[in-house]
file data.csv (CSV, C-alpha atoms)
chain,number,residue,atom,x,y,z
A,1442,LYS,CA,52.7,33.2,-72.8
A,1443,GLN,CA,52.8,32.6,-69.1
A,1444,TRP,CA,49.4,32.3,-67.5
A,1445,TYR,CA,48.6,33.1,-63.9
A,1446,GLN,CA,45.9,31.5,-61.8
A,1447,ARG,CA,43.7,33.8,-59.8
A,1448,ARG,CA,40.9,33.2,-57.4
A,1449,VAL,CA,38.3,36.0,-57.4
A,1450,ARG,CA,35.3,36.0,-55.0
A,1451,GLY,CA,32.3,37.7,-56.4
A,1452,ARG,CA,30.0,39.9,-54.3
A,1453,GLN,CA,26.7,38.7,-53.1
A,1454,VAL,CA,23.7,39.3,-55.4
A,1455,GLU,CA,20.1,39.4,-54.5
A,1456,ILE,CA,17.6,38.7,-57.3
A,1457,SER,CA,14.0,37.3,-57.4
A,1458,SER,CA,13.5,33.9,-58.9
A,1459,SER,CA,11.0,35.3,-61.3
A,1460,GLN,CA,13.7,37.6,-62.7
A,1461,LEU,CA,16.4,34.9,-62.7
A,1462,CYS,CA,14.5,31.9,-64.1
A,1463,ASN,CA,10.9,32.8,-64.3
A,1464,GLY,CA,10.3,30.8,-61.2
A,1465,ASP,CA,11.5,27.6,-62.8
A,1466,GLU,CA,14.3,26.2,-60.7
A,1467,ASN,CA,15.3,23.8,-63.5
A,1468,ALA,CA,15.4,26.4,-66.3
A,1469,ARG,CA,18.9,26.8,-67.8
A,1470,ILE,CA,20.6,30.1,-66.9
A,1471,LYS,CA,23.6,31.3,-68.9
A,1472,ILE,CA,26.3,33.1,-67.0
A,1473,LYS,CA,29.1,35.0,-68.7
A,1474,VAL,CA,32.3,35.9,-66.7
A,1475,TYR,CA,34.5,38.7,-67.8
A,1476,ASP,CA,38.0,40.0,-66.8
A,1477,PHE,CA,37.3,43.7,-66.2
A,1478,ASP,CA,40.0,46.2,-67.2
A,1479,GLU,CA,39.5,49.9,-66.6
A,1480,ALA,CA,41.9,50.8,-69.5
A,1481,ALA,CA,40.3,48.5,-72.1
A,1482,ALA,CA,37.2,46.6,-73.0
A,1483,PRO,CA,36.4,43.6,-70.6
A,1484,ASP,CA,37.8,40.3,-71.8
A,1485,LEU,CA,35.5,37.2,-71.8
A,1486,ILE,CA,36.9,34.5,-69.5
A,1487,GLY,CA,34.1,32.0,-70.2
A,1488,ILE,CA,30.5,31.0,-70.2
A,1489,CYS,CA,28.6,28.4,-68.3
A,1490,GLU,CA,25.0,27.2,-68.0
A,1491,VAL,CA,23.5,26.6,-64.6
A,1492,THR,CA,20.2,25.9,-62.9
A,1493,LEU,CA,18.9,27.3,-59.7
A,1494,ALA,CA,18.2,23.8,-58.5
A,1495,LYS,CA,21.8,22.8,-59.0
A,1496,MET,CA,23.2,25.9,-57.3
A,1497,LYS,CA,21.0,25.4,-54.2
A,1498,LYS,CA,22.8,22.0,-53.7
A,1499,CYS,CA,26.0,23.9,-52.6
A,1500,LYS,CA,25.0,23.4,-48.9
A,1501,LYS,CA,25.6,19.7,-49.2
A,1502,GLU,CA,28.1,19.2,-52.0
A,1503,LEU,CA,30.7,21.0,-54.1
A,1504,VAL,CA,29.0,22.8,-56.9
A,1505,GLU,CA,31.1,24.2,-59.7
A,1506,PHE,CA,30.8,24.9,-63.4
A,1507,ASP,CA,33.4,25.0,-66.2
A,1508,LEU,CA,33.8,28.4,-67.8
A,1509,ILE,CA,34.1,27.8,-71.5
A,1510,ASN,CA,35.5,30.3,-73.9
A,1511,PRO,CA,34.2,29.3,-77.4
A,1512,LYS,CA,37.1,30.9,-79.3
A,1513,LYS,CA,39.8,29.1,-77.2
A,1514,GLN,CA,37.8,25.9,-77.3
A,1515,ALA,CA,37.8,26.0,-81.1
A,1516,LYS,CA,41.6,26.4,-81.3
A,1517,LYS,CA,42.6,23.7,-78.8
A,1518,LYS,CA,42.0,20.0,-79.1
A,1519,ASN,CA,42.4,19.2,-75.4
A,1520,TYR,CA,40.7,22.3,-74.1
A,1521,LYS,CA,38.9,21.8,-70.8
A,1522,ASN,CA,38.0,25.2,-69.5
A,1523,SER,CA,39.2,28.8,-69.0
A,1524,GLY,CA,38.3,28.7,-65.3
A,1525,VAL,CA,35.8,27.3,-62.9
A,1526,LEU,CA,32.8,29.0,-61.3
A,1527,LYS,CA,32.2,27.7,-57.8
A,1528,VAL,CA,29.0,28.4,-56.0
A,1529,LEU,CA,29.8,29.1,-52.3
A,1530,GLN,CA,26.4,30.1,-51.2
A,1531,CYS,CA,22.9,30.1,-52.7
A,1532,ILE,CA,20.0,30.9,-50.3
A,1533,SER,CA,16.4,30.8,-51.3
A,1534,VAL,CA,14.2,33.0,-49.1
A,1535,LYS,CA,10.4,33.3,-49.3
A,1536,THR,CA,9.3,36.8,-50.0
A,1537,TYR,CA,5.9,38.4,-50.3
A,1538,SER,CA,4.5,40.8,-53.0
A,1539,PHE,CA,3.2,44.3,-52.6
A,1540,LEU,CA,-0.3,42.9,-53.1
A,1541,ASP,CA,0.3,40.5,-50.2
A,1542,TYR,CA,1.1,43.3,-47.8
A,1543,VAL,CA,-1.7,45.6,-49.0
A,1544,SER,CA,-4.4,42.9,-49.0
A,1545,ASN,CA,-3.4,42.0,-45.5
A,1546,GLY,CA,-3.8,45.4,-44.0
A,1547,LEU,CA,-0.8,47.5,-45.0
A,1548,GLN,CA,-1.8,51.2,-44.8
A,1549,LEU,CA,-0.1,53.6,-47.2
A,1550,ASN,CA,0.2,57.2,-45.9
A,1551,CYS,CA,1.0,60.1,-48.1
A,1552,MET,CA,2.7,63.4,-47.1
A,1553,VAL,CA,3.0,66.2,-49.7
A,1554,ALA,CA,5.4,69.2,-49.8
A,1555,PHE,CA,5.0,72.2,-52.1
A,1556,ASP,CA,7.8,74.5,-53.3
A,1557,PHE,CA,7.2,78.1,-52.1
A,1558,THR,CA,10.4,79.6,-53.5
A,1559,ALA,CA,10.4,82.9,-55.4
A,1560,SER,CA,11.7,81.2,-58.6
A,1561,ASN,CA,8.1,80.0,-59.2
A,1562,GLY,CA,7.0,83.5,-59.9
A,1563,HIS,CA,4.3,85.5,-58.1
A,1564,PRO,CA,1.0,83.6,-58.1
A,1565,ASN,CA,-0.8,86.6,-59.7
A,1566,ASP,CA,1.5,86.4,-62.7
A,1567,PRO,CA,-0.1,84.2,-65.4
A,1568,ALA,CA,3.4,82.9,-66.2
A,1569,SER,CA,3.9,81.8,-62.6
A,1570,LEU,CA,3.9,78.0,-61.9
A,1571,HIS,CA,1.7,78.8,-58.9
A,1572,HIS,CA,-0.8,80.7,-61.0
A,1573,LEU,CA,-4.2,79.1,-60.8
A,1574,ASN,CA,-6.3,79.0,-64.0
A,1575,ASN,CA,-10.1,79.6,-64.1
A,1576,GLN,CA,-10.6,76.1,-62.8
A,1577,GLY,CA,-8.2,76.7,-59.8
A,1578,VAL,CA,-5.6,74.3,-61.3
A,1579,ASN,CA,-1.9,74.4,-62.0
A,1580,GLN,CA,0.9,71.9,-62.4
A,1581,TYR,CA,1.3,71.6,-58.7
A,1582,THR,CA,-2.4,70.7,-58.0
A,1583,MET,CA,-2.5,68.4,-61.1
A,1584,ALA,CA,0.6,66.5,-59.9
A,1585,TRP,CA,-0.8,66.2,-56.4
A,1586,SER,CA,-4.2,65.1,-57.6
A,1587,ALA,CA,-2.8,62.5,-59.9
A,1588,VAL,CA,-0.8,60.7,-57.1
A,1589,GLY,CA,-3.4,61.4,-54.4
A,1590,GLN,CA,-6.2,59.8,-56.4
A,1591,VAL,CA,-4.3,56.5,-56.4
A,1592,LEU,CA,-3.0,56.6,-52.9
A,1593,GLN,CA,-6.2,57.7,-51.1
A,1594,ASP,CA,-7.8,54.2,-51.6
A,1595,TYR,CA,-5.0,52.7,-49.5
A,1596,ASP,CA,-4.9,55.4,-46.8
A,1597,TRP,CA,-6.7,54.4,-43.7
A,1598,ASP,CA,-7.9,57.8,-42.5
A,1599,LYS,CA,-7.7,59.9,-45.7
A,1600,LEU,CA,-5.8,62.6,-43.9
A,1601,PHE,CA,-2.7,63.9,-45.6
A,1602,PRO,CA,0.0,65.9,-43.9
A,1603,ALA,CA,0.7,68.8,-46.2
A,1604,TYR,CA,3.7,71.2,-46.0
A,1605,GLY,CA,5.4,74.0,-47.9
A,1606,PHE,CA,9.1,74.9,-48.0
A,1607,GLY,CA,11.0,78.0,-49.0
A,1608,GLY,CA,8.3,80.4,-48.0
A,1609,ALA,CA,8.4,83.5,-45.7
A,1610,LEU,CA,5.7,83.2,-43.0
A,1611,PRO,CA,3.8,86.1,-41.5
A,1612,PRO,CA,4.0,88.1,-39.3
A,1613,ARG,CA,7.8,88.2,-39.1
A,1614,ASN,CA,8.4,87.2,-42.7
A,1615,GLU,CA,10.7,84.4,-41.6
A,1616,VAL,CA,11.7,81.7,-44.1
A,1617,SER,CA,10.6,78.2,-43.2
A,1618,PHE,CA,11.5,74.9,-44.9
A,1619,GLU,CA,8.7,72.8,-43.3
A,1620,PHE,CA,5.6,74.8,-42.6
A,1621,ALA,CA,2.1,73.4,-42.4
A,1622,LEU,CA,-0.1,74.5,-45.3
A,1623,ASN,CA,-3.1,74.7,-43.0
A,1624,ALA,CA,-1.1,77.0,-40.6
A,1625,ASN,CA,-1.4,74.4,-37.8
A,1626,PRO,CA,2.0,72.9,-37.1
A,1627,GLN,CA,0.6,70.7,-34.3
A,1628,ASP,CA,-1.8,69.0,-36.8
A,1629,PRO,CA,-0.8,69.5,-40.5
A,1630,ASN,CA,-3.3,66.9,-41.7
A,1631,CYS,CA,-5.7,68.0,-44.4
A,1632,PRO,CA,-8.9,66.0,-45.2
A,1633,GLY,CA,-8.7,64.4,-48.6
A,1634,ILE,CA,-7.2,65.6,-51.9
A,1635,GLU,CA,-9.4,68.7,-52.0
A,1636,GLY,CA,-8.5,69.5,-48.4
A,1637,VAL,CA,-4.8,69.7,-49.4
A,1638,ILE,CA,-5.6,71.8,-52.5
A,1639,GLY,CA,-7.7,74.2,-50.3
A,1640,ALA,CA,-4.9,74.6,-47.8
A,1641,TYR,CA,-2.4,75.2,-50.6
A,1642,GLN,CA,-4.6,77.8,-52.2
A,1643,THR,CA,-5.0,79.6,-48.9
A,1644,ALA,CA,-1.2,79.4,-48.2
A,1645,LEU,CA,-0.5,81.1,-51.5
A,1646,GLN,CA,-2.5,84.1,-50.3
A,1647,ASN,CA,-0.7,84.4,-47.0
A,1648,VAL,CA,2.9,83.1,-47.5
A,1649,ALA,CA,5.4,85.1,-49.4
A,1650,LEU,CA,7.5,83.2,-51.9
A,1651,SER,CA,11.2,83.2,-50.9
A,1652,GLY,CA,14.0,80.6,-50.8
A,1653,PRO,CA,16.3,78.9,-51.1
A,1654,THR,CA,15.1,75.4,-52.2
A,1655,ASN,CA,16.2,73.5,-49.2
A,1656,CYS,CA,14.5,70.1,-48.9
A,1657,ALA,CA,16.6,68.2,-46.3
A,1658,PRO,CA,14.4,69.4,-43.4
A,1659,ILE,CA,11.2,68.1,-45.0
A,1660,ILE,CA,12.8,64.8,-45.8
A,1661,ARG,CA,13.9,64.4,-42.1
A,1662,THR,CA,10.4,65.4,-40.9
A,1663,ALA,CA,8.9,62.8,-43.2
A,1664,THR,CA,11.3,60.1,-42.0
A,1665,ARG,CA,10.3,60.7,-38.4
A,1666,TYR,CA,6.7,60.6,-39.4
A,1667,ALA,CA,7.2,57.3,-41.3
A,1668,ASN,CA,8.8,55.8,-38.2
A,1669,SER,CA,5.8,56.9,-36.1
A,1670,CYS,CA,3.2,55.4,-38.5
A,1671,ALA,CA,5.0,52.1,-39.0
A,1672,HIS,CA,2.3,50.6,-36.9
A,1673,THR,CA,-1.3,52.0,-37.2
A,1674,PRO,CA,-3.6,52.6,-34.2
A,1675,SER,CA,-5.6,49.5,-35.3
A,1676,GLY,CA,-2.4,47.3,-35.1
A,1677,GLY,CA,-1.7,47.3,-38.8
A,1678,GLN,CA,1.4,48.0,-40.8
A,1679,GLY,CA,2.2,51.5,-42.2
A,1680,TYR,CA,4.4,52.9,-44.9
A,1681,LEU,CA,4.8,56.5,-46.0
A,1682,ILE,CA,5.1,58.1,-49.4
A,1683,LEU,CA,6.6,61.6,-49.4
A,1684,LEU,CA,5.6,63.6,-52.5
A,1685,ILE,CA,7.9,66.6,-53.1
A,1686,LEU,CA,6.7,69.1,-55.8
A,1687,THR,CA,9.5,71.6,-56.8
A,1688,ASP,CA,10.3,74.0,-59.6
A,1689,GLY,CA,14.1,73.6,-59.4
A,1690,GLN,CA,17.1,71.7,-58.1
A,1691,PHE,CA,17.7,71.4,-54.4
A,1692,THR,CA,20.2,74.0,-53.1
A,1693,ASP,CA,21.1,71.7,-50.1
A,1694,MET,CA,21.9,68.7,-52.2
A,1695,SER,CA,24.5,67.3,-49.9
A,1696,ALA,CA,22.2,67.5,-46.9
A,1697,CYS,CA,19.4,65.9,-49.0
A,1698,VAL,CA,21.7,63.0,-49.9
A,1699,GLN,CA,22.5,62.5,-46.2
A,1700,ALA,CA,18.8,62.7,-45.2
A,1701,ILE,CA,17.9,60.1,-47.9
A,1702,GLN,CA,20.6,57.8,-46.8
A,1703,ALA,CA,19.4,58.0,-43.2
A,1704,ALA,CA,15.8,57.3,-44.4
A,1705,GLN,CA,16.7,54.0,-46.1
A,1706,SER,CA,16.0,51.9,-43.1
A,1707,SER,CA,12.6,53.6,-42.5
A,1708,PRO,CA,9.3,52.7,-44.1
A,1709,ILE,CA,9.3,55.5,-46.6
A,1710,SER,CA,9.5,56.2,-50.4
A,1711,ILE,CA,10.2,59.6,-51.8
A,1712,ILE,CA,8.6,60.8,-55.0
A,1713,ILE,CA,9.9,64.1,-56.5
A,1714,VAL,CA,8.1,65.9,-59.3
A,1715,GLY,CA,9.9,68.6,-61.2
A,1716,VAL,CA,7.4,71.3,-62.4
A,1717,GLY,CA,8.3,73.9,-65.0
A,1718,ASN,CA,11.2,74.1,-67.4
A,1719,ALA,CA,14.2,74.3,-65.1
A,1720,ASP,CA,17.4,72.3,-65.4
A,1721,PHE,CA,16.8,69.2,-63.2
A,1722,SER,CA,19.9,67.3,-64.2
A,1723,SER,CA,21.4,67.2,-60.7
A,1724,MET,CA,18.1,65.8,-59.4
A,1725,GLU,CA,18.8,62.6,-61.3
A,1726,TYR,CA,21.6,61.9,-58.8
A,1727,LEU,CA,19.0,61.4,-56.1
A,1728,ASP,CA,17.2,58.7,-58.1
A,1729,GLY,CA,18.5,55.3,-57.1
A,1730,ASP,CA,17.9,53.9,-60.6
A,1731,ARG,CA,20.6,56.3,-62.0
A,1732,ASN,CA,22.9,56.1,-59.0
A,1733,SER,CA,22.6,52.6,-57.7
A,1734,GLY,CA,26.2,52.3,-56.6
A,1735,THR,CA,26.2,55.0,-53.9
A,1736,ARG,CA,23.4,54.0,-51.7
A,1737,GLY,CA,21.5,50.9,-50.3
A,1738,ARG,CA,17.8,50.6,-50.7
A,1739,ASP,CA,16.5,52.7,-53.6
A,1740,ILE,CA,13.7,55.0,-52.1
A,1741,VAL,CA,13.7,57.9,-54.5
A,1742,GLN,CA,11.9,58.4,-57.8
A,1743,PHE,CA,12.2,61.6,-59.8
A,1744,VAL,CA,10.1,62.6,-62.8
A,1745,PRO,CA,9.8,66.0,-64.6
A,1746,TYR,CA,6.1,66.9,-65.0
A,1747,ASN,CA,6.6,68.3,-68.5
A,1748,LYS,CA,7.6,64.8,-69.7
A,1749,PHE,CA,3.8,64.1,-69.6
A,1750,ALA,CA,2.3,67.5,-70.0
A,1751,HIS,CA,1.3,67.1,-73.7
A,1752,VAL,CA,1.5,63.5,-74.5
A,1753,GLY,CA,0.2,62.9,-78.0
A,1754,GLY,CA,-1.1,66.5,-78.0
A,1755,ASN,CA,-3.6,65.6,-75.3
A,1756,SER,CA,-2.8,67.2,-71.9
A,1757,SER,CA,-5.8,65.5,-70.3
A,1758,GLN,CA,-3.8,62.2,-70.3
A,1759,ALA,CA,-0.9,63.8,-68.3
A,1760,PRO,CA,-2.2,63.1,-64.7
A,1761,THR,CA,-2.8,59.4,-65.5
A,1762,LEU,CA,0.5,58.9,-67.2
A,1763,LEU,CA,2.3,60.9,-64.5
A,1764,ALA,CA,0.8,58.8,-61.7
A,1765,ARG,CA,1.7,55.6,-63.5
A,1766,GLU,CA,5.3,56.7,-63.9
A,1767,LEU,CA,5.7,58.0,-60.3
A,1768,LEU,CA,4.2,54.9,-58.7
A,1769,ALA,CA,5.8,52.3,-60.9
A,1770,GLU,CA,8.7,51.7,-58.4
A,1771,LEU,CA,6.6,51.9,-55.2
A,1772,PRO,CA,5.6,48.2,-55.0
A,1773,GLY,CA,9.3,47.0,-55.3
A,1774,GLN,CA,10.4,49.6,-52.7
A,1775,VAL,CA,7.7,48.4,-50.3
A,1776,GLU,CA,8.6,44.8,-50.8
A,1777,LYS,CA,12.3,45.4,-50.3
A,1778,TYR,CA,11.8,47.4,-47.1
A,1779,PHE,CA,9.7,44.6,-45.4
A,1780,THR,CA,12.0,41.9,-46.7
A,1781,SER,CA,15.1,43.6,-45.4
A,1782,LYS,CA,13.4,43.9,-42.0
A,1783,LYS,CA,12.2,40.3,-42.2
A,1784,ILE,CA,8.6,41.4,-41.7
A,1785,ALA,CA,5.9,39.3,-43.2
A,1786,PRO,CA,2.3,40.6,-44.1
A,1787,LEU,CA,0.0,40.5,-41.1
A,1788,GLY,CA,-1.1,37.0,-40.4
A,1789,MET,CA,1.7,35.4,-42.3
A,1790,LYS,CA,5.2,34.2,-41.4
A,1791,MET,CA,8.6,35.0,-42.9
A,1792,HIS,CA,10.4,31.9,-44.0
call {"tool": "encode", "arguments": {"input": "data.csv", "output": "structure tokens"}}
result
Amino acid sequence: KQWYQRRVRGRQVEISSSQLCNGDENARIKIKVYDFDEAAAPDLIGICEVTLAKMKKCKKELVEFDLINPKKQAKKKNYKNSGVLKVLQCISVKTYSFLDYVSNGLQLNCMVAFDFTASNGHPNDPASLHHLNNQGVNQYTMAWSAVGQVLQDYDWDKLFPAYGFGGALPPRNEVSFEFALNANPQDPNCPGIEGVIGAYQTALQNVALSGPTNCAPIIRTATRYANSCAHTPSGGQGYLILLILTDGQFTDMSACVQAIQAAQSSPISIIIVGVGNADFSSMEYLDGDRNSGTRGRDIVQFVPYNKFAHVGGNSSQAPTLLARELLAELPGQVEKYFTSKKIAPLGMKMH
């Protein structure tokens, strides 16, 4: 066999020290290097053990590690290595946690958007997703309440911009994809969780369900709002969570992807809750966890409500479990935004 020597430069990787070595710079880290082949299974080139402390010395000295292939090592007496891993750059940057930002004045703002498309069914129909039971509750109000209950404690004014999309507005019956639930486009803010629910219930009586399910306009509106509230009137830091409640897949998916990409550099996270039993398979594409290779900062989290509707036969647990799932990624998204912008918590410095 004739072997060819190749030099391959790996891409830059960002990872927290807690994930890499549990914060211990002298802890041993095992790295496996493979030769990737699209037509077959990857071949192991070799394995090496490193420490973060050793890699950080690359600024002052040559840092390299022998890649050892155990099978080849066992067959050859004079085996040295199957390659060398050279560390060209290793930078340690001080970052702050979500708690650091919140405890130092970060204000979380929440905007909510309800799906008013006809596929929900007429609100008077008991089978409709917009039908309110005797307690004035449906999946839409339960999802909003679950998330709102958590976020309101971090919201400085307890006012929530609330919108609808896909509804036909009186008196001309024109379809709108970003109308204020309180019928006041100049000030769509609703006081507290109940204020949003009250505006939603009133809108159900006045707005005709229509369509299609276009969400790019509300994402763009939320992005502009996020940029405007990046700094609060009191001089604090702001970050927006857009909660979209929908019964089906977005019909303007391409435009939504573009709007999400444009929003990545803004202080915003987008949470999407799918209500009902529709096919939400294409919505998974928007979730950065499942499509990490196509976009930069992951700002989208999608969860189908029915996943938690009857957990263990007890539907009363659904709101708590739903809120936990929806907000699980929020701290990391907030941290990544401020780190990427090199913005420290108020009163602190970025190193």
call {"tool": "closest_residue", "arguments": {"input": "data.csv", "among": "A:Val1543, A:Ile1638, A:Ile1709, A:Ile1701", "to": "A:Asp1728", "atoms": "all atoms listed in the file"}}
result
A:Ile1701
call {"tool": "closest_residue", "arguments": {"input": "data.csv", "among": "A:Met1791, A:Val1491, A:Ile1486, A:Val1714", "to": "A:Lys1471", "atoms": "all atoms listed in the file"}}
result
A:Val1491
call {"tool": "residues_near_point", "arguments": {"input": "data.csv", "point": "(10.5, 78.1, -45.8)", "cutoff": "10 Å", "atoms": "all atoms listed in the file", "output": "number ranges by chain"}}
result
A: 1556-1558, 1604-1610, 1614-1620, 1648-1656, 1658
call {"tool": "residues_around", "arguments": {"input": "data.csv", "residues": "stretch 1703-1705 of chain A", "least_positions_apart": "5", "cutoff": "12 Å", "atoms": "all atoms listed in the file", "output": "count of residues only"}}
result
33
call {"tool": "atom_distance", "arguments": {"input": "data.csv", "atom1": "atom CA of A:Ile1472", "atom2": "atom CA of A:Thr1492"}}
result
10.3 Å
call {"tool": "residues_near_point", "arguments": {"input": "data.csv", "point": "(14.3, 59.1, -58.8)", "cutoff": "12 Å", "atoms": "all atoms listed in the file", "output": "PyMOL selection string"}}
result
chain A and resi 1684-1685+1701+1710-1715+1721-1733+1739-1745+1766-1771+1774
call {"tool": "atom_distance", "arguments": {"input": "data.csv", "atom1": "atom CA of A:Pro1611", "atom2": "atom CA of A:Asn1625"}}
result
13.3 Å
call {"tool": "closest_residue", "arguments": {"input": "data.csv", "among": "A:Arg1450, A:Val1553, A:Ser1457, A:Thr1687", "to": "A:Ser1538", "atoms": "all atoms listed in the file"}}
result
A:Ser1457
call {"tool": "residues_around", "arguments": {"input": "data.csv", "residues": "A:Lys1501", "least_positions_apart": "2", "cutoff": "12 Å", "atoms": "only C-alpha atoms", "output": "list of chain:residue names"}}
result
A:Lys1495, A:Met1496, A:Lys1497, A:Lys1498, A:Cys1499, A:Leu1503, A:Val1504, A:Val1528, A:Leu1529, A:Gln1530, A:Cys1531
call {"tool": "build_atoms", "arguments": {"input": "data.csv", "residues": "stretch 1691-1716 of chain A", "atoms": "N, CA and C atoms", "output": "mmCIF file, in the coordinates of the input"}}
result
data_model
loop_
_atom_site.group_PDB
_atom_site.id
_atom_site.type_symbol
_atom_site.label_atom_id
_atom_site.label_comp_id
_atom_site.auth_asym_id
_atom_site.auth_seq_id
_atom_site.Cartn_x
_atom_site.Cartn_y
_atom_site.Cartn_z
ATOM 1 N N PHE A 1691 17.493 71.160 -55.805
ATOM 2 C CA PHE A 1691 17.700 71.400 -54.400
ATOM 3 C C PHE A 1691 18.999 72.161 -54.162
ATOM 4 N N THR A 1692 18.967 73.201 -53.356
ATOM 5 C CA THR A 1692 20.200 74.000 -53.100
ATOM 6 C C THR A 1692 21.002 73.330 -51.951
ATOM 7 N N ASP A 1693 20.370 72.439 -51.192
ATOM 8 C CA ASP A 1693 21.100 71.700 -50.100
ATOM 9 C C ASP A 1693 21.273 70.266 -50.496
ATOM 10 N N MET A 1694 21.787 70.024 -51.708
ATOM 11 C CA MET A 1694 21.900 68.700 -52.200
ATOM 12 C C MET A 1694 22.640 67.714 -51.337
ATOM 13 N N SER A 1695 23.752 68.154 -50.787
ATOM 14 C CA SER A 1695 24.500 67.300 -49.900
ATOM 15 C C SER A 1695 23.746 66.861 -48.689
ATOM 16 N N ALA A 1696 23.036 67.816 -48.082
ATOM 17 C CA ALA A 1696 22.200 67.500 -46.900
ATOM 18 C C ALA A 1696 21.057 66.581 -47.298
ATOM 19 N N CYS A 1697 20.508 66.760 -48.501
ATOM 20 C CA CYS A 1697 19.400 65.900 -49.000
ATOM 21 C C CYS A 1697 19.900 64.461 -49.132
ATOM 22 N N VAL A 1698 21.091 64.302 -49.708
ATOM 23 C CA VAL A 1698 21.700 63.000 -49.900
ATOM 24 C C VAL A 1698 21.823 62.283 -48.531
ATOM 25 N N GLN A 1699 22.322 63.023 -47.556
ATOM 26 C CA GLN A 1699 22.500 62.500 -46.200
ATOM 27 C C GLN A 1699 21.158 62.094 -45.591
ATOM 28 N N ALA A 1700 20.155 62.955 -45.792
ATOM 29 C CA ALA A 1700 18.800 62.700 -45.200
ATOM 30 C C ALA A 1700 18.210 61.447 -45.888
ATOM 31 N N ILE A 1701 18.423 61.287 -47.181
ATOM 32 C CA ILE A 1701 17.900 60.100 -47.900
ATOM 33 C C ILE A 1701 18.596 58.852 -47.430
ATOM 34 N N GLN A 1702 19.898 58.920 -47.258
ATOM 35 C CA GLN A 1702 20.600 57.800 -46.800
ATOM 36 C C GLN A 1702 20.142 57.351 -45.374
ATOM 37 N N ALA A 1703 19.876 58.334 -44.536
ATOM 38 C CA ALA A 1703 19.400 58.000 -43.200
ATOM 39 C C ALA A 1703 17.980 57.454 -43.212
ATOM 40 N N ALA A 1704 17.230 57.751 -44.283
ATOM 41 C CA ALA A 1704 15.800 57.300 -44.400
ATOM 42 C C ALA A 1704 15.705 55.886 -44.942
ATOM 43 N N GLN A 1705 16.782 55.331 -45.458
ATOM 44 C CA GLN A 1705 16.700 54.000 -46.100
ATOM 45 C C GLN A 1705 16.206 52.903 -45.262
ATOM 46 N N SER A 1706 16.457 53.004 -43.977
ATOM 47 C CA SER A 1706 16.000 51.900 -43.100
ATOM 48 C C SER A 1706 14.634 52.186 -42.504
ATOM 49 N N SER A 1707 13.977 53.223 -42.974
ATOM 50 C CA SER A 1707 12.600 53.600 -42.500
ATOM 51 C C SER A 1707 11.592 53.198 -43.554
ATOM 52 N N PRO A 1708 10.319 53.025 -43.165
ATOM 53 C CA PRO A 1708 9.300 52.700 -44.100
ATOM 54 C C PRO A 1708 8.799 53.872 -44.927
ATOM 55 N N ILE A 1709 9.632 54.287 -45.878
ATOM 56 C CA ILE A 1709 9.300 55.500 -46.600
ATOM 57 C C ILE A 1709 9.840 55.398 -48.074
ATOM 58 N N SER A 1710 9.087 55.971 -48.981
ATOM 59 C CA SER A 1710 9.500 56.200 -50.400
ATOM 60 C C SER A 1710 9.361 57.675 -50.654
ATOM 61 N N ILE A 1711 10.267 58.224 -51.451
ATOM 62 C CA ILE A 1711 10.200 59.600 -51.800
ATOM 63 C C ILE A 1711 10.034 59.826 -53.266
ATOM 64 N N ILE A 1712 8.967 60.522 -53.615
ATOM 65 C CA ILE A 1712 8.600 60.800 -55.000
ATOM 66 C C ILE A 1712 8.829 62.300 -55.253
ATOM 67 N N ILE A 1713 9.637 62.647 -56.235
ATOM 68 C CA ILE A 1713 9.900 64.100 -56.500
ATOM 69 C C ILE A 1713 9.389 64.371 -57.935
ATOM 70 N N VAL A 1714 8.572 65.405 -58.028
ATOM 71 C CA VAL A 1714 8.100 65.900 -59.300
ATOM 72 C C VAL A 1714 8.663 67.240 -59.618
ATOM 73 N N GLY A 1715 9.341 67.355 -60.737
ATOM 74 C CA GLY A 1715 9.900 68.600 -61.200
ATOM 75 C C GLY A 1715 8.884 69.348 -62.057
ATOM 76 N N VAL A 1716 8.379 70.510 -61.623
ATOM 77 C CA VAL A 1716 7.400 71.300 -62.400
ATOM 78 C C VAL A 1716 8.152 72.412 -63.134
#
